[in-house]
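Here's final.txt, which has compact mmCIF, C-alpha atoms:
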```txt
# COMPACT_ATOMS: atom_id res chain seq x y z
CA MET A 1 123.25 105.74 108.39
CA LYS A 2 119.98 103.91 107.82
CA PRO A 3 116.68 105.31 109.13
CA ILE A 4 115.23 103.63 112.21
CA ALA A 5 112.17 101.38 112.23
CA VAL A 6 110.58 100.32 115.53
CA ILE A 7 108.29 97.29 115.64
CA ILE A 8 106.44 96.76 118.93
CA GLY A 9 104.93 93.39 119.78
CA VAL A 10 107.25 91.24 117.70
CA GLY A 11 106.38 87.57 117.31
CA SER A 12 106.95 84.81 114.79
CA GLY A 13 104.30 85.82 112.25
CA LEU A 14 103.54 89.25 110.82
CA SER A 15 106.15 91.14 112.84
CA ALA A 16 108.92 88.75 111.85
CA ALA A 17 107.92 88.96 108.19
CA LEU A 18 107.86 92.75 108.39
CA ALA A 19 111.27 92.83 110.07
CA ARG A 20 112.74 90.78 107.24
CA ARG A 21 111.17 93.09 104.65
CA LEU A 22 112.49 96.24 106.34
CA ALA A 23 115.94 94.94 107.31
CA PRO A 24 117.78 95.92 104.10
CA ASP A 25 116.75 99.57 104.37
CA TYR A 26 116.31 100.24 108.10
CA ASP A 27 118.04 99.87 111.44
CA LEU A 28 115.53 97.76 113.34
CA VAL A 29 114.42 97.96 116.96
CA LEU A 30 112.41 94.84 117.80
CA ALA A 31 110.38 95.15 121.00
CA ALA A 32 108.51 92.42 122.87
CA ARG A 33 107.76 91.44 126.45
CA ASP A 34 110.33 88.67 126.24
CA ALA A 35 113.25 89.91 124.17
CA GLY A 36 115.00 86.58 124.64
CA LYS A 37 112.61 85.01 122.14
CA LEU A 38 113.80 87.48 119.49
CA SER A 39 117.46 86.53 119.46
CA ALA A 40 117.28 84.48 116.25
CA LEU A 41 115.25 87.13 114.40
CA ALA A 42 117.52 89.90 115.66
CA ALA A 43 120.58 88.01 114.43
CA GLU A 44 118.95 87.36 111.06
CA THR A 45 117.85 90.96 110.49
CA GLY A 46 120.61 92.82 112.32
CA GLY A 47 117.96 94.30 114.62
CA ARG A 48 118.22 95.18 118.30
CA ALA A 49 115.91 93.20 120.56
CA VAL A 50 114.36 95.13 123.45
CA SER A 51 112.18 93.96 126.32
CA LEU A 52 109.12 96.19 126.57
CA ASP A 53 105.74 96.29 128.28
CA GLY A 54 103.81 98.39 125.79
CA THR A 55 101.38 99.57 128.49
CA ASP A 56 104.15 101.04 130.67
CA THR A 57 104.34 104.78 129.98
CA ALA A 58 107.84 105.25 131.36
CA ALA A 59 109.20 102.23 129.49
CA VAL A 60 107.71 103.32 126.16
CA ASP A 61 109.00 106.87 126.59
CA ALA A 62 112.45 105.57 127.54
CA LEU A 63 112.58 103.39 124.43
CA PHE A 64 111.83 106.29 122.08
CA ASP A 65 113.88 108.86 123.98
CA GLY A 66 116.85 106.50 123.84
CA LEU A 67 116.86 106.19 120.04
CA PRO A 68 119.85 107.89 118.41
CA ALA A 69 117.50 109.63 115.96
CA ALA A 70 113.79 109.99 115.38
CA PRO A 71 112.27 106.81 113.95
CA ARG A 72 111.06 106.87 110.37
CA VAL A 73 108.72 103.92 110.86
CA VAL A 74 106.83 102.74 113.94
CA VAL A 75 104.51 99.72 113.92
CA TYR A 76 102.29 98.79 116.89
CA ASN A 77 101.11 95.17 116.75
CA PRO A 78 100.06 94.05 120.27
CA SER A 79 96.47 93.20 121.12
CA ALA A 80 94.74 91.13 123.78
CA ARG A 81 91.74 88.86 123.28
CA LEU A 82 89.41 88.00 126.12
CA ARG A 83 86.34 85.94 125.30
CA GLY A 84 83.21 85.25 127.31
CA PRO A 85 79.68 86.43 128.06
CA VAL A 86 79.75 90.11 128.94
CA ALA A 87 77.90 89.49 132.21
CA GLU A 88 80.62 87.10 133.34
CA LEU A 89 83.80 88.93 132.33
CA ASP A 90 86.30 89.88 135.01
CA PRO A 91 86.64 93.69 135.06
CA GLU A 92 90.38 93.65 135.77
CA GLU A 93 91.05 91.23 132.93
CA VAL A 94 88.99 93.46 130.62
CA ARG A 95 90.94 96.52 131.79
CA ARG A 96 94.21 94.76 131.01
CA ALA A 97 93.03 93.63 127.56
CA VAL A 98 91.95 97.16 126.61
CA GLU A 99 95.21 98.59 127.94
CA VAL A 100 97.28 96.29 125.71
CA THR A 101 95.23 96.91 122.56
CA ALA A 102 94.32 100.58 122.90
CA PHE A 103 96.27 102.37 125.63
CA GLY A 104 99.54 100.82 124.50
CA ALA A 105 98.79 101.99 120.96
CA PHE A 106 98.30 105.51 122.30
CA LEU A 107 101.60 105.41 124.21
CA ALA A 108 103.52 104.24 121.15
CA GLY A 109 101.80 106.73 118.87
CA ARG A 110 102.39 109.59 121.32
CA ALA A 111 106.08 108.80 121.78
CA ALA A 112 106.63 108.27 118.05
CA ALA A 113 104.87 111.52 117.16
CA ARG A 114 106.92 113.51 119.67
CA ARG A 115 110.20 112.31 118.17
CA MET A 116 109.04 112.65 114.56
CA LEU A 117 107.64 116.16 115.00
CA ALA A 118 111.00 117.32 116.34
CA ALA A 119 112.86 115.87 113.33
CA ASP A 120 113.52 117.39 109.94
CA ALA A 121 111.23 116.25 107.15
CA VAL A 122 112.63 114.43 104.11
CA ASP A 123 110.71 115.41 100.99
CA GLY A 124 107.99 116.71 103.28
CA VAL A 125 107.70 113.46 105.28
CA ARG A 126 108.77 112.95 108.89
CA GLY A 127 107.72 109.32 109.28
CA THR A 128 105.05 106.64 109.26
CA ILE A 129 103.08 105.19 112.19
CA LEU A 130 101.08 102.02 111.55
CA PHE A 131 98.60 100.28 113.87
CA THR A 132 97.66 96.65 113.32
CA GLY A 133 93.90 96.45 113.68
CA ALA A 134 91.23 93.81 113.13
CA SER A 135 87.66 93.47 111.92
CA ALA A 136 86.68 93.78 115.60
CA GLY A 137 87.41 97.50 115.17
CA VAL A 138 84.63 97.72 112.56
CA LYS A 139 82.01 95.36 114.01
CA GLY A 140 81.66 93.93 117.50
CA PHE A 141 81.32 90.16 117.64
CA PRO A 142 79.42 88.27 120.34
CA LEU A 143 81.43 87.03 123.34
CA SER A 144 84.27 89.36 122.33
CA ALA A 145 83.43 92.71 123.94
CA PRO A 146 86.93 93.48 125.30
CA PHE A 147 88.57 92.94 121.91
CA ALA A 148 85.94 95.11 120.22
CA MET A 149 86.45 97.82 122.84
CA GLY A 150 90.20 97.82 122.28
CA LYS A 151 90.11 97.72 118.49
CA PHE A 152 87.37 100.35 118.14
CA ALA A 153 89.42 102.63 120.40
CA GLN A 154 92.58 101.88 118.43
CA ARG A 155 90.87 102.68 115.16
CA GLY A 156 89.56 105.97 116.55
CA LEU A 157 93.03 106.82 117.81
CA ALA A 158 94.55 106.17 114.39
CA GLU A 159 91.92 108.25 112.57
CA SER A 160 92.33 111.16 114.97
CA MET A 161 96.12 111.01 114.68
CA ALA A 162 95.92 110.85 110.88
CA ARG A 163 93.75 113.96 110.72
CA GLU A 164 96.11 115.81 113.05
CA LEU A 165 99.48 114.59 111.81
CA HIS A 166 99.14 114.10 108.06
CA PRO A 167 99.37 117.89 107.51
CA GLN A 168 102.55 117.84 109.60
CA GLY A 169 104.26 115.21 107.47
CA ILE A 170 103.55 112.10 109.54
CA HIS A 171 101.68 109.30 107.79
CA VAL A 172 99.34 107.39 110.13
CA ALA A 173 97.31 104.36 109.08
CA TRP A 174 95.23 101.61 110.68
CA ILE A 175 95.23 98.19 109.01
CA ASN A 176 92.18 95.97 109.40
CA ILE A 177 93.51 92.41 109.44
CA ASP A 178 90.27 90.60 108.69
CA GLY A 179 91.12 86.92 109.09
CA GLY A 180 93.54 84.52 110.70
CA ILE A 181 97.27 84.91 110.06
CA ARG A 182 99.40 81.89 109.23
CA ASN A 183 102.45 81.43 111.39
CA PRO A 184 104.74 78.52 112.29
CA ASP A 185 102.61 77.70 115.34
CA ARG A 186 99.25 78.02 113.59
CA PRO A 187 98.59 75.65 110.67
CA GLU A 188 96.37 76.90 107.89
CA ARG A 189 92.69 76.08 107.99
CA MET A 190 91.52 74.69 104.67
CA GLU A 191 88.14 76.39 104.38
CA PRO A 192 86.33 75.78 102.12
CA GLN A 193 87.66 72.23 102.05
CA GLY A 194 90.85 72.01 100.05
CA ALA A 195 91.15 75.76 99.48
CA PRO A 196 94.70 77.16 99.57
CA ASP A 197 95.44 80.59 101.02
CA SER A 198 92.46 80.51 103.35
CA MET A 199 94.55 82.34 105.95
CA LEU A 200 96.54 85.54 105.55
CA ASP A 201 100.16 85.04 104.52
CA PRO A 202 102.31 87.14 106.90
CA ASP A 203 104.76 88.00 104.12
CA ALA A 204 101.91 89.26 101.95
CA ILE A 205 100.69 91.43 104.83
CA ALA A 206 104.22 92.74 105.35
CA ALA A 207 104.40 93.66 101.67
CA ALA A 208 101.22 95.73 102.07
CA TYR A 209 102.72 97.49 105.11
CA VAL A 210 105.80 98.39 103.10
CA GLN A 211 103.55 99.77 100.35
CA LEU A 212 101.90 102.01 102.96
CA ILE A 213 105.29 103.15 104.20
CA ASP A 214 106.38 103.96 100.64
CA GLN A 215 103.18 105.79 99.64
CA HIS A 216 103.68 109.27 98.20
CA ARG A 217 102.22 111.92 100.48
CA SER A 218 99.94 113.13 97.68
CA ALA A 219 98.02 109.83 98.01
CA TRP A 220 98.27 108.64 101.61
CA SER A 221 95.90 105.98 102.93
CA ASN A 222 94.75 106.20 106.53
CA GLU A 223 93.01 102.79 106.50
CA LEU A 224 93.61 99.53 104.70
CA THR A 225 91.70 96.24 104.92
CA LEU A 226 93.41 92.93 104.20
CA ARG A 227 91.50 89.66 104.11
CA PRO A 228 91.90 86.22 102.51
CA TRP A 229 89.72 85.54 99.53
CA VAL A 230 87.50 83.06 101.40
CA GLU A 231 86.65 85.47 104.23
CA ARG A 232 83.02 86.70 104.40
CA PHE A 233 82.47 90.36 105.13
```
Written as C-alpha cells, how would this file's structure read?
Amino acid sequence: MKPIAVIIGVGSGLSAALARRLAPDYDLVLAARDAGKLSALAAETGGRAVSLDGTDTAAVDALFDGLPAAPRVVVYNPSARLRGPVAELDPEEVRRAVEVTAFGAFLAGRAAARRMLAADAVDGVRGTILFTGASAGVKGFPLSAPFAMGKFAQRGLAESMARELHPQGIHVAWINIDGGIRNPDRPERMEPQGAPDSMLDPDAIAAAYVQLIDQHRSAWSNELTLRPWVERF
C-alpha cells in the first residue's frame, strides 16, 4: 500500500505538476472547490478528486478523518489576492481573502498534524506538511495589504509549526514562490525582452517540493525561496 499525499487547492499549474511527480510513489487525494475540473488530472495520476472549501473547519476535518491512514505528505496551495488602496478595501472581502490564505492553512496543518502525530514514525519521520507561500509573506507591497496579511500569517504559522513539530518527526516548511508561475492559461512574460525562463516552471517547483519531502531529518529546511533568474529581490 502506497503512502497518502493530500494536495489542497489543486489547479492546472504547480499542483498538477506536483501530482504528476508524486503519483508513482503515493496514493493521491486532490482537493479543490470544484472537483469536476480535476477529472482529467485524477485519471492521469490515479488520484481521488475531492470537492473542498479549505476554510470550512468541518469539511477539512472530515477529509482528513476519512483517510484510510495518516497522510505522509500534505500540501496547502490556496491563496486569495485582493488589490486596492487600503482605505477603500471592503472589510468582508479582506476577511475572506485572509481566511483562504491563512485560516485555511491553519485548518489543513491542524488536521494533518493530528493524523500524523497519531501514526507510527518511519525512520523517525511521521510526515511532511508544506505551505505554498509568496514574497508577500516577507515584504508587504503597496495596494496588496490583504495578500500580505494572509502570507505573513501563513509564514508565521509554518515557522511555529516547524518549531513544535520537527522534534516530533513532522517536517514542516514554507516555500516562498517569488515570481509568476507559468501555466497553460498564463503565457510567459519575456522580461527582459527575449529572456527565456522569466517565469517559474511549475515542474521545476514541483521538483523542489519533492526534494523537501525527501530531505533527511538531520538536515530539514523550514523555509525555501524559489525565484526565476530575472526576478529582483
message: If I take atom CA of Val138 of chain A and atom CA of Ala87 of chain A, how far is one from the other in Å, to one decimal?
response: 22.3 Å
task: Give as number ranges by chain the set of residues within 12 Å of the point (87.8, 83.5, 129.4), where distances use the file's coordinates and all atoms listed in the file.
output: A: 80-91, 93-94, 97, 143-146
- prompt: Which one of A:Phe131, A:Phe103, A:Phe147, A:Trp220 sits closest to Ile7 of chain A if you count only C-alpha atoms?
  reply: A:Phe131
field: Residue nearest Leu18 of chain A - candidates A:Pro202, A:Gly180, A:Pro228, A:Gly47, atoms counted: all atoms listed in the file
entry: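 Closest to Leu18 of chain A, using all atoms listed in the file: A:Pro202.
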message: Show me, as number ranges by chain, the residues that have an atom within 10 Å of Pro3 of chain A when counting only C-alpha atoms, minus same-chain residues fewer than 2 positions from it.
response: A: 1, 5, 25-28, 69-73, 127
Would you mind exporting the chosen residues as a PDB file, in the frame of the given file, restricted to C-alpha atoms?
```pdb
ATOM      1  CA  MET A   1     123.250 105.740 108.390  1.00  0.00           C
ATOM      2  CA  ALA A   5     112.170 101.380 112.230  1.00  0.00           C
ATOM      3  CA  ASP A  25     116.750  99.570 104.370  1.00  0.00           C
ATOM      4  CA  TYR A  26     116.310 100.240 108.100  1.00  0.00           C
ATOM      5  CA  ASP A  27     118.040  99.870 111.440  1.00  0.00           C
ATOM      6  CA  LEU A  28     115.530  97.760 113.340  1.00  0.00           C
ATOM      7  CA  ALA A  69     117.500 109.630 115.960  1.00  0.00           C
ATOM      8  CA  ALA A  70     113.790 109.990 115.380  1.00  0.00           C
ATOM      9  CA  PRO A  71     112.270 106.810 113.950  1.00  0.00           C
ATOM     10  CA  ARG A  72     111.060 106.870 110.370  1.00  0.00           C
ATOM     11  CA  VAL A  73     108.720 103.920 110.860  1.00  0.00           C
ATOM     12  CA  GLY A 127     107.720 109.320 109.280  1.00  0.00           C
TER      13      GLY A 127
END
```
